[in-house]
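For reference, protein04.csv (CSV, C-alpha atoms and all ligand atoms):
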```
chain,number,residue,atom,x,y,z
A,291,MET,CA,8.8,14.0,-18.1
A,292,PRO,CA,7.6,17.4,-19.4
A,293,ALA,CA,9.0,20.4,-17.5
A,294,SER,CA,6.1,22.0,-15.6
A,295,SER,CA,5.2,25.5,-16.8
A,296,VAL,CA,7.4,28.0,-15.1
A,297,ILE,CA,5.8,29.3,-11.9
A,298,THR,CA,7.4,32.3,-10.2
A,299,ASP,CA,7.0,32.4,-6.4
A,300,PRO,CA,5.4,29.0,-6.1
A,301,ILE,CA,3.1,28.2,-3.2
A,302,LEU,CA,4.4,24.5,-3.2
A,303,ALA,CA,7.7,23.3,-4.7
A,304,VAL,CA,8.4,19.6,-4.6
A,305,SER,CA,11.9,18.7,-5.8
A,306,HIS,CA,13.3,15.2,-6.5
A,307,LEU,CA,11.3,13.8,-3.6
A,308,GLY,CA,12.0,10.1,-2.8
A,309,VAL,CA,10.1,8.2,0.0
A,310,ARG,CA,10.9,4.7,1.3
A,311,LEU,CA,8.3,2.9,3.4
A,312,GLY,CA,8.9,-0.5,5.0
A,313,GLY,CA,12.0,-1.0,2.8
A,314,ARG,CA,10.1,-0.2,-0.4
A,315,GLN,CA,10.6,2.9,-2.6
A,316,VAL,CA,7.0,4.3,-2.6
A,317,LEU,CA,7.8,7.6,-4.3
A,318,ARG,CA,10.8,8.4,-6.5
A,319,ASP,CA,12.1,11.6,-8.1
A,320,ILE,CA,8.9,13.5,-7.8
A,321,SER,CA,9.2,17.2,-8.9
A,322,PHE,CA,6.5,19.8,-9.5
A,323,THR,CA,5.5,23.3,-8.5
A,324,LEU,CA,2.1,24.8,-7.9
A,325,GLY,CA,1.2,28.5,-8.1
A,326,ALA,CA,-1.3,30.7,-6.2
A,327,GLY,CA,-4.9,30.6,-7.2
A,328,SER,CA,-4.7,27.4,-9.1
A,329,VAL,CA,-6.4,24.0,-9.0
A,330,SER,CA,-4.2,21.0,-9.4
A,331,ALA,CA,-4.9,17.2,-9.4
A,332,LEU,CA,-2.8,14.5,-8.1
A,333,ILE,CA,-4.0,11.5,-10.1
A,334,GLY,CA,-3.1,7.8,-9.5
A,335,GLU,CA,-4.6,4.4,-9.0
A,336,ASN,CA,-4.8,2.7,-5.6
A,337,GLY,CA,-1.4,2.4,-4.0
A,338,ALA,CA,0.2,4.9,-6.5
A,339,GLY,CA,1.5,7.0,-3.6
A,340,LYS,CA,-1.0,9.9,-3.5
A,341,THR,CA,-1.6,9.9,0.3
A,342,THR,CA,2.1,9.4,1.0
A,343,LEU,CA,2.9,12.5,-1.1
A,344,LEU,CA,0.3,14.6,0.8
A,345,ARG,CA,1.6,13.2,4.1
A,346,SER,CA,5.1,14.1,3.1
A,347,ILE,CA,4.1,17.7,2.4
A,348,LEU,CA,2.4,17.8,5.8
A,349,GLY,CA,5.5,16.5,7.6
A,350,ILE,CA,3.5,13.4,8.9
A,351,GLN,CA,5.7,11.2,6.6
A,352,THR,CA,9.4,11.5,6.6
A,353,TRP,CA,11.2,11.3,3.3
A,354,GLN,CA,14.7,10.3,2.3
A,355,GLU,CA,15.5,12.3,-0.8
A,356,GLY,CA,14.7,15.8,-2.2
A,357,SER,CA,13.0,18.8,-0.7
A,358,ILE,CA,9.5,20.2,-0.2
A,359,GLU,CA,9.0,24.0,0.2
A,360,VAL,CA,5.8,25.9,1.0
A,361,LEU,CA,6.0,29.7,0.2
A,362,GLY,CA,9.8,29.3,-0.4
A,363,LYS,CA,10.6,27.8,3.0
A,364,PRO,CA,10.8,24.2,4.2
A,365,ALA,CA,7.3,22.8,4.4
A,366,HIS,CA,7.4,21.8,8.0
A,367,THR,CA,8.0,25.4,9.0
A,368,GLN,CA,4.9,26.6,7.1
A,369,LEU,CA,2.2,24.2,8.3
A,370,SER,CA,0.1,27.1,9.6
A,371,ARG,CA,-0.4,28.1,6.0
A,372,VAL,CA,-1.5,24.6,4.9
A,373,GLY,CA,-5.1,23.2,5.2
A,374,TYR,CA,-5.7,19.5,4.9
A,375,VAL,CA,-8.8,17.4,4.3
A,376,PRO,CA,-7.9,13.7,4.9
A,377,GLN,CA,-9.1,10.7,2.9
A,378,LYS,CA,-11.1,9.1,5.7
A,379,ILE,CA,-13.5,11.3,7.7
A,380,ALA,CA,-15.9,9.7,10.3
A,381,PHE,CA,-17.7,11.4,13.1
A,382,ASP,CA,-19.7,9.5,15.7
A,383,PRO,CA,-23.3,10.8,15.7
A,384,TYR,CA,-23.2,11.3,19.4
A,385,VAL,CA,-20.1,13.4,19.7
A,386,PRO,CA,-21.3,16.7,21.0
A,387,LEU,CA,-19.5,18.8,18.4
A,388,ARG,CA,-21.4,21.2,16.2
A,389,THR,CA,-20.2,22.2,12.7
A,390,ARG,CA,-19.3,25.6,14.1
A,391,ASP,CA,-17.2,24.1,16.8
A,392,LEU,CA,-15.3,21.9,14.4
A,393,VAL,CA,-14.6,24.9,12.2
A,394,ALA,CA,-13.5,27.0,15.3
A,395,LEU,CA,-11.0,24.2,16.1
A,396,GLY,CA,-9.3,25.1,12.9
A,397,ARG,CA,-8.8,28.7,14.2
A,398,MET,CA,-7.8,28.2,17.9
A,399,PRO,CA,-6.2,31.3,19.4
A,400,ARG,CA,-2.5,30.9,20.0
A,401,HIS,CA,-2.8,32.1,23.7
A,402,TRP,CA,-5.5,31.5,26.2
A,403,TRP,CA,-6.2,35.2,26.7
A,404,GLN,CA,-6.9,35.8,23.0
A,405,ARG,CA,-10.5,36.0,21.8
A,406,PRO,CA,-11.6,33.3,19.3
A,407,ASP,CA,-11.6,34.7,15.7
A,408,GLY,CA,-15.4,34.5,15.0
A,409,ASP,CA,-15.0,36.3,11.7
A,410,ALA,CA,-12.7,33.7,10.3
A,411,VAL,CA,-15.1,30.9,11.4
A,412,ASN,CA,-18.1,32.7,9.9
A,413,GLN,CA,-16.2,33.3,6.6
A,414,ALA,CA,-15.1,29.7,6.4
A,415,LEU,CA,-18.7,28.5,7.0
A,416,ALA,CA,-20.0,30.9,4.3
A,417,ALA,CA,-17.3,29.8,1.8
A,418,VAL,CA,-18.6,26.2,1.8
A,419,GLN,CA,-22.3,27.3,2.3
A,420,ALA,CA,-22.5,25.5,5.6
A,421,GLU,CA,-24.4,28.3,7.5
A,422,SER,CA,-27.6,26.3,7.5
A,423,PHE,CA,-26.1,23.4,9.4
A,424,ALA,CA,-23.6,25.4,11.5
A,425,GLU,CA,-25.4,24.6,14.7
A,426,GLN,CA,-26.0,20.9,14.0
A,427,ARG,CA,-23.8,18.1,15.3
A,428,VAL,CA,-21.2,17.1,12.7
A,429,GLY,CA,-21.9,13.4,13.3
A,430,MET,CA,-25.6,13.9,12.3
A,431,LEU,CA,-24.7,15.5,8.9
A,432,SER,CA,-24.8,13.7,5.6
A,433,GLY,CA,-21.4,12.6,4.1
A,434,GLY,CA,-21.3,15.5,1.7
A,435,GLN,CA,-22.1,18.0,4.5
A,436,GLN,CA,-19.5,16.5,6.7
A,437,GLN,CA,-17.0,17.0,4.0
A,438,ARG,CA,-17.9,20.7,3.6
A,439,ALA,CA,-17.6,21.1,7.4
A,440,VAL,CA,-14.1,19.6,7.3
A,441,ILE,CA,-13.1,21.9,4.3
A,442,ALA,CA,-14.4,24.9,6.4
A,443,HIS,CA,-12.3,23.6,9.3
A,444,ALA,CA,-9.3,23.7,6.9
A,445,LEU,CA,-10.2,27.1,5.5
A,446,ALA,CA,-10.6,28.7,9.0
A,447,ARG,CA,-6.9,29.1,9.3
A,448,ARG,CA,-6.8,31.0,6.0
A,449,PRO,CA,-4.4,28.6,4.3
A,450,ARG,CA,-2.4,29.4,1.1
A,451,LEU,CA,-2.2,25.7,0.2
A,452,LEU,CA,-5.2,23.4,0.6
A,453,LEU,CA,-4.7,19.6,0.3
A,454,LEU,CA,-7.7,17.4,-0.2
A,455,ASP,CA,-7.3,13.6,-0.3
A,456,GLU,CA,-9.9,12.0,-2.5
A,457,PRO,CA,-12.7,14.4,-1.7
A,458,LEU,CA,-14.8,13.2,-4.7
A,459,ALA,CA,-14.6,9.5,-3.8
A,460,ASN,CA,-18.0,9.2,-2.1
A,461,LEU,CA,-20.0,11.8,-3.9
A,462,ASP,CA,-22.6,11.4,-6.6
A,463,PHE,CA,-22.1,13.2,-9.9
A,464,ALA,CA,-24.0,16.4,-9.0
A,465,SER,CA,-22.3,16.7,-5.5
A,466,ALA,CA,-18.9,16.1,-7.1
A,467,SER,CA,-19.5,18.9,-9.7
A,468,ARG,CA,-20.6,21.3,-6.9
A,469,LEU,CA,-17.5,20.5,-4.8
A,470,VAL,CA,-15.3,21.0,-7.9
A,471,ARG,CA,-16.9,24.4,-8.5
A,472,LEU,CA,-16.4,25.3,-4.9
A,473,LEU,CA,-12.7,24.4,-5.0
A,474,ALA,CA,-12.3,26.5,-8.2
A,475,SER,CA,-13.9,29.5,-6.5
A,476,LEU,CA,-11.7,29.2,-3.5
A,477,ALA,CA,-8.7,29.2,-5.8
A,478,GLN,CA,-9.9,32.2,-7.8
A,479,GLU,CA,-11.4,34.3,-5.0
A,480,GLN,CA,-8.9,33.6,-2.2
A,481,GLY,CA,-5.8,32.9,-4.2
A,482,ILE,CA,-5.4,29.5,-2.5
A,483,SER,CA,-3.4,26.8,-4.3
A,484,VAL,CA,-5.7,23.7,-4.2
A,485,LEU,CA,-4.3,20.2,-4.7
A,486,VAL,CA,-6.8,17.4,-5.0
A,487,THR,CA,-6.1,13.7,-5.2
A,488,ALA,CA,-8.3,11.4,-7.3
A,489,HIS,CA,-8.4,8.2,-9.3
A,490,ASP,CA,-10.3,9.9,-12.1
A,491,MET,CA,-9.3,13.3,-13.5
A,492,ASN,CA,-12.5,13.7,-15.5
A,493,PRO,CA,-14.7,15.5,-12.8
A,494,LEU,CA,-11.8,18.0,-12.3
A,495,LEU,CA,-11.0,18.7,-16.0
A,496,PRO,CA,-13.3,21.8,-16.3
A,497,VAL,CA,-11.3,23.6,-13.6
A,498,LEU,CA,-7.9,22.0,-13.8
A,499,ASP,CA,-4.8,24.2,-14.2
A,500,HIS,CA,-2.1,21.6,-13.4
A,501,LEU,CA,-1.9,17.8,-13.3
A,502,VAL,CA,0.5,15.5,-11.4
A,503,TYR,CA,0.1,12.0,-12.8
A,504,LEU,CA,1.4,9.3,-10.5
A,505,VAL,CA,2.1,5.7,-11.6
A,506,ASP,CA,3.6,3.4,-9.1
A,507,GLY,CA,5.5,6.2,-7.3
A,508,ARG,CA,6.8,8.0,-10.4
A,509,ALA,CA,5.2,11.3,-11.6
A,510,ALA,CA,4.8,13.4,-14.7
A,511,ALA,CA,3.6,17.0,-14.1
A,512,GLY,CA,2.4,19.8,-16.2
A,513,SER,CA,-0.9,21.0,-17.9
A,514,VAL,CA,-3.4,18.2,-18.9
A,515,GLN,CA,-2.3,18.7,-22.5
A,516,GLU,CA,1.4,18.3,-21.6
A,517,VAL,CA,0.9,15.2,-19.4
A,518,VAL,CA,-1.9,13.2,-21.0
A,519,ARG,CA,0.0,12.1,-24.1
A,520,SER,CA,1.3,8.7,-24.9
A,521,GLU,CA,4.9,10.0,-25.2
A,522,VAL,CA,4.7,11.0,-21.5
A,523,LEU,CA,2.6,8.2,-20.1
A,524,ASN,CA,4.1,5.2,-21.9
A,525,PRO,CA,7.5,5.6,-20.2
A,526,LEU,CA,5.7,6.2,-16.9
A,527,TYR,CA,3.7,3.0,-17.1
A,528,GLY,CA,6.6,1.1,-18.7
A,529,TYR,CA,4.3,-0.2,-21.5
A,530,PRO,CA,1.9,1.4,-24.1
A,531,VAL,CA,-1.2,3.2,-23.0
A,532,GLU,CA,-4.1,4.2,-25.1
A,533,ILE,CA,-5.6,7.6,-24.6
A,534,LEU,CA,-9.3,8.1,-25.6
A,535,GLN,CA,-11.4,11.2,-25.6
A,536,HIS,CA,-15.1,10.5,-25.2
A,537,ARG,CA,-17.7,13.2,-24.7
A,538,GLY,CA,-15.1,15.6,-23.3
A,539,ARG,CA,-13.7,12.9,-21.0
A,540,LEU,CA,-10.2,11.5,-21.0
A,541,LEU,CA,-9.6,7.8,-20.6
A,542,VAL,CA,-6.2,6.4,-20.1
A,543,LEU,CA,-6.2,2.7,-20.9
A,544,PRO,CA,-3.0,1.0,-20.0
A,545,GLU,CA,-2.3,-2.0,-22.3
A,546,ASP,CA,-0.1,-4.1,-20.0
A,547,PRO,CA,1.5,-6.6,-22.3
A,548,GLN,CA,1.6,-9.1,-19.4
A,549,GLN,CA,-2.2,-9.0,-19.4
A,550,GLY,CA,-3.0,-8.8,-23.1
A,551,LEU,CA,-5.3,-5.9,-24.1
A,552,GLU,CA,-7.8,-6.2,-21.3
A,553,ILE,CA,-9.6,-2.9,-20.5
A,554,PRO,CA,-9.8,-2.2,-16.8
A,555,CYS,CA,-13.4,-2.3,-15.4
A,556,HIS,CA,-13.4,1.3,-14.4
A,557,ALA,CA,-12.8,2.3,-18.0
A,558,HIS,CA,-16.1,0.5,-18.9
A,559,GLU,CA,-17.9,2.6,-16.3
A,560,HIS,CA,-16.6,5.8,-17.8
A,561,LEU,CA,-17.6,4.7,-21.3
A,562,ASN,CA,-21.1,3.9,-20.2
A,563,HIS,CA,-21.6,7.0,-18.1
A,564,ASP,CA,-24.0,9.5,-19.6
A,565,ASP,CA,-24.0,13.0,-18.1
B,601,LIG,N1,3.3,2.7,6.7
B,601,LIG,C1,3.5,2.0,5.6
B,601,LIG,N2,4.5,1.1,5.5
B,601,LIG,C2,4.7,0.4,4.4
B,601,LIG,N3,4.1,0.7,3.2
B,601,LIG,C3,3.2,1.6,3.2
B,601,LIG,C4,2.8,2.4,4.4
B,601,LIG,N4,1.8,3.2,4.0
B,601,LIG,C5,1.6,3.1,2.7
B,601,LIG,N5,2.4,2.1,2.2
B,601,LIG,C6,2.4,1.6,0.8
B,601,LIG,O1,2.8,2.7,0.0
B,601,LIG,C7,2.1,2.7,-1.2
B,601,LIG,C8,1.4,4.0,-1.5
B,601,LIG,O2,0.3,4.1,-0.6
B,601,LIG,P1,-0.6,5.4,-0.6
B,601,LIG,O3,-1.6,5.2,0.6
B,601,LIG,O4,0.2,6.6,-0.6
B,601,LIG,O5,-1.4,5.2,-2.0
B,601,LIG,P2,-2.6,6.0,-2.5
B,601,LIG,O6,-2.2,6.4,-3.9
B,601,LIG,O7,-3.0,7.0,-1.6
B,601,LIG,O8,-3.7,4.8,-2.6
B,601,LIG,P3,-5.3,4.9,-2.5
B,601,LIG,O9,-5.9,5.4,-3.8
B,601,LIG,O10,-5.7,3.5,-2.2
B,601,LIG,O11,-5.7,5.8,-1.3
B,601,LIG,C9,1.2,1.5,-1.2
B,601,LIG,O12,1.8,0.4,-1.8
B,601,LIG,C10,1.1,1.2,0.3
B,601,LIG,O13,0.9,-0.2,0.6
B,602,MG,MG,-4.8,7.4,-0.5
```

Just give me the structure as structure tokens.
Amino acid sequence: MPASSVITDPILAVSHLGVRLGGRQVLRDISFTLGAGSVSALIGENGAGKTTLLRSILGIQTWQEGSIEVLGKPAHTQLSRVGYVPQKIAFDPYVPLRTRDLVALGRMPRHWWQRPDGDAVNQALAAVQAESFAEQRVGMLSGGQQQRAVIAHALARRPRLLLLDEPLANLDFASASRLVRLLASLAQEQGISVLVTAHDMNPLLPVLDHLVYLVDGRAAAGSVQEVVRSEVLNPLYGYPVEILQHRGRLLVLPEDPQQGLEIPCHAHEHLNHDD
């Protein structure tokens, strides 16, 4: 596993993390650090452990080994500095909650006598360009608009670390590109450390500073160039992988000796995709 580039004063530091769930080791010996103002991807196939890792950072999931620090302190003491956009978002169309209300819920006053922080709510709405649907019910918005509303909710607390679980999964190519540019601008302009989970690293490549590549609960971390190399990925998969570059895209094709040289279906999709 390559050593991650040295980051002084990391926003997130995960060290030798191990998580067991239902008697199974789901994550093992995961270590990486993320700096301020960076975009990082947590890449892995279904069941690799991406959501478990985010839930561990958030303290929703208990872990057995290692440590997780946010801003140099145990993560569970710093949750007010962390924004989270979960993998599954669904709002009933009839819930009487406007986009603005959802965002304001991310910035509730600590005490009943305090005024709500309208500036933080307006800034979060502006950051994701949600002003035009701020007064509409969230349940009536399109999937992409709902996603921006939830990101604004997470931004309203002015987080230093923003975790997004598969935010690109249901977006078309243009919407995914827009969201990727938005995340990069949040990192650059607000100094937020953004961590995005995905199956496919390609839509994120133009803005990616750091990659955590997860295979069956084990990880390699570093820059894309450091991680996406057969010397790093072969030991992680436990068998040879082929790495192809096609029109600026990276394809990792595991050649599982148990299954011959079959190319996974999703690789065909990438190869045929014209952009
Ligand atoms: N509560 C649980 N008890 C036992 N096993 C669990 C539990 N939650 C998740 N797992 C297992 O942990 C592994 C990792 O799950 P996780 O949801 O973190 O994967 P993921 O990478 O987010 O997958 P996906 O891309 O499908 O969202 C899977 O094998 C899953 O079955
Ligand atoms: Mg998941």

Can you tell me which residues sit at most 12 Å away from ligand MG 602 (chain B), counting all atoms listed in the file, written as an MDAnalysis selection string?
chainID A and resid 332:345 375:378 454:457 459 486:489 504

Between A:Gly327, A:Gly349, A:Gly312, A:Pro300, which residue has the minimum interatomic distance to ligand LIG 601 (chain B), considering only C-alpha atoms and all ligand atoms?
A:Gly312

Put the listed atoms of ligand LIG 601 (chain B) in a box along x, y and z with 8 Å added on every side and give me the centre and edge lengths in Å to one decimal, as JSON.
```
{"center_x": -0.6, "center_y": 3.4, "center_z": 1.4, "size_x": 26.6, "size_y": 23.2, "size_z": 26.6}
```

Considering all atoms listed in the file, state which residue in the set A:Ala446, A:Ile358, A:Ala424, A:Leu494 is at the smallest distance from Pro399 of chain A.
A:Ala446

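Pairwise distance (atom CA of Val522 of chain A, atom CA of Val360 of chain A) equals 27.0 Å.
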
Atomic distance atom CA of Ser520 of chain A - atom CA of Asp319 of chain A, expressed in Å with one decimal:
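Interatomic distance here is 20.2 Å.
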
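Rounded to one decimal, atom CA of Ala511 of chain A and atom CA of Thr367 of chain A lie 25.0 Å from each other.
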
Complete the atoms of segment 406-436 of chain A to N, CA and C atoms and put them out as a short mmCIF file (atom, residue, chain, number, x, y, z; two decimals), in the coordinates of the input.
```cif
data_model
loop_
_atom_site.label_atom_id
_atom_site.label_comp_id
_atom_site.auth_asym_id
_atom_site.auth_seq_id
_atom_site.Cartn_x
_atom_site.Cartn_y
_atom_site.Cartn_z
N PRO A 406 -11.44 34.11 20.53
CA PRO A 406 -11.60 33.30 19.30
C PRO A 406 -11.90 34.22 18.12
N ASP A 407 -11.41 33.86 16.94
CA ASP A 407 -11.60 34.70 15.70
C ASP A 407 -12.92 34.29 15.06
N GLY A 408 -14.03 34.88 15.56
CA GLY A 408 -15.40 34.50 15.00
C GLY A 408 -15.53 34.87 13.58
N ASP A 409 -14.87 35.94 13.12
CA ASP A 409 -15.00 36.30 11.70
C ASP A 409 -14.47 35.24 10.79
N ALA A 410 -13.28 34.72 11.14
CA ALA A 410 -12.70 33.70 10.30
C ALA A 410 -13.56 32.45 10.25
N VAL A 411 -14.19 32.12 11.39
CA VAL A 411 -15.10 30.90 11.40
C VAL A 411 -16.30 31.18 10.56
N ASN A 412 -16.91 32.36 10.68
CA ASN A 412 -18.10 32.70 9.90
C ASN A 412 -17.76 32.69 8.39
N GLN A 413 -16.62 33.24 8.05
CA GLN A 413 -16.20 33.30 6.60
C GLN A 413 -16.00 31.90 6.07
N ALA A 414 -15.37 31.04 6.88
CA ALA A 414 -15.10 29.70 6.40
C ALA A 414 -16.43 28.92 6.23
N LEU A 415 -17.38 29.11 7.16
CA LEU A 415 -18.70 28.50 7.00
C LEU A 415 -19.40 28.97 5.76
N ALA A 416 -19.29 30.28 5.51
CA ALA A 416 -20.00 30.90 4.30
C ALA A 416 -19.31 30.36 3.04
N ALA A 417 -17.98 30.19 3.05
CA ALA A 417 -17.30 29.80 1.80
C ALA A 417 -17.76 28.44 1.31
N VAL A 418 -18.16 27.56 2.23
CA VAL A 418 -18.60 26.20 1.80
C VAL A 418 -20.16 26.12 1.93
N GLN A 419 -20.80 27.27 2.14
CA GLN A 419 -22.30 27.30 2.30
C GLN A 419 -22.75 26.32 3.35
N ALA A 420 -22.15 26.45 4.53
CA ALA A 420 -22.50 25.50 5.60
C ALA A 420 -23.25 26.27 6.74
N GLU A 421 -23.71 27.50 6.47
CA GLU A 421 -24.40 28.30 7.50
C GLU A 421 -25.64 27.54 8.03
N SER A 422 -26.35 26.88 7.09
CA SER A 422 -27.60 26.30 7.50
C SER A 422 -27.46 25.10 8.41
N PHE A 423 -26.29 24.49 8.44
CA PHE A 423 -26.10 23.40 9.40
C PHE A 423 -24.96 23.68 10.38
N ALA A 424 -24.67 24.97 10.56
CA ALA A 424 -23.60 25.40 11.50
C ALA A 424 -23.85 24.95 12.90
N GLU A 425 -25.14 24.92 13.31
CA GLU A 425 -25.40 24.60 14.70
C GLU A 425 -25.75 23.12 14.91
N GLN A 426 -25.70 22.33 13.84
CA GLN A 426 -26.00 20.90 14.00
C GLN A 426 -24.73 20.10 14.31
N ARG A 427 -24.94 18.97 14.98
CA ARG A 427 -23.80 18.10 15.30
C ARG A 427 -23.20 17.54 13.99
N VAL A 428 -21.87 17.54 13.90
CA VAL A 428 -21.20 17.10 12.70
C VAL A 428 -21.56 15.59 12.41
N GLY A 429 -21.67 14.80 13.48
CA GLY A 429 -21.90 13.40 13.30
C GLY A 429 -23.32 13.08 12.74
N MET A 430 -24.21 14.07 12.78
CA MET A 430 -25.60 13.90 12.30
C MET A 430 -25.72 14.37 10.83
N LEU A 431 -24.66 14.94 10.28
CA LEU A 431 -24.70 15.50 8.90
C LEU A 431 -24.59 14.38 7.88
N SER A 432 -24.99 14.67 6.65
CA SER A 432 -24.80 13.70 5.60
C SER A 432 -23.25 13.71 5.24
N GLY A 433 -22.82 12.71 4.48
CA GLY A 433 -21.40 12.60 4.10
C GLY A 433 -20.89 13.86 3.42
N GLY A 434 -21.70 14.36 2.46
CA GLY A 434 -21.30 15.50 1.70
C GLY A 434 -21.22 16.78 2.60
N GLN A 435 -22.18 16.90 3.55
CA GLN A 435 -22.10 18.00 4.50
C GLN A 435 -20.93 17.94 5.41
N GLN A 436 -20.64 16.73 5.88
CA GLN A 436 -19.50 16.50 6.70
C GLN A 436 -18.20 16.97 6.01
#
```
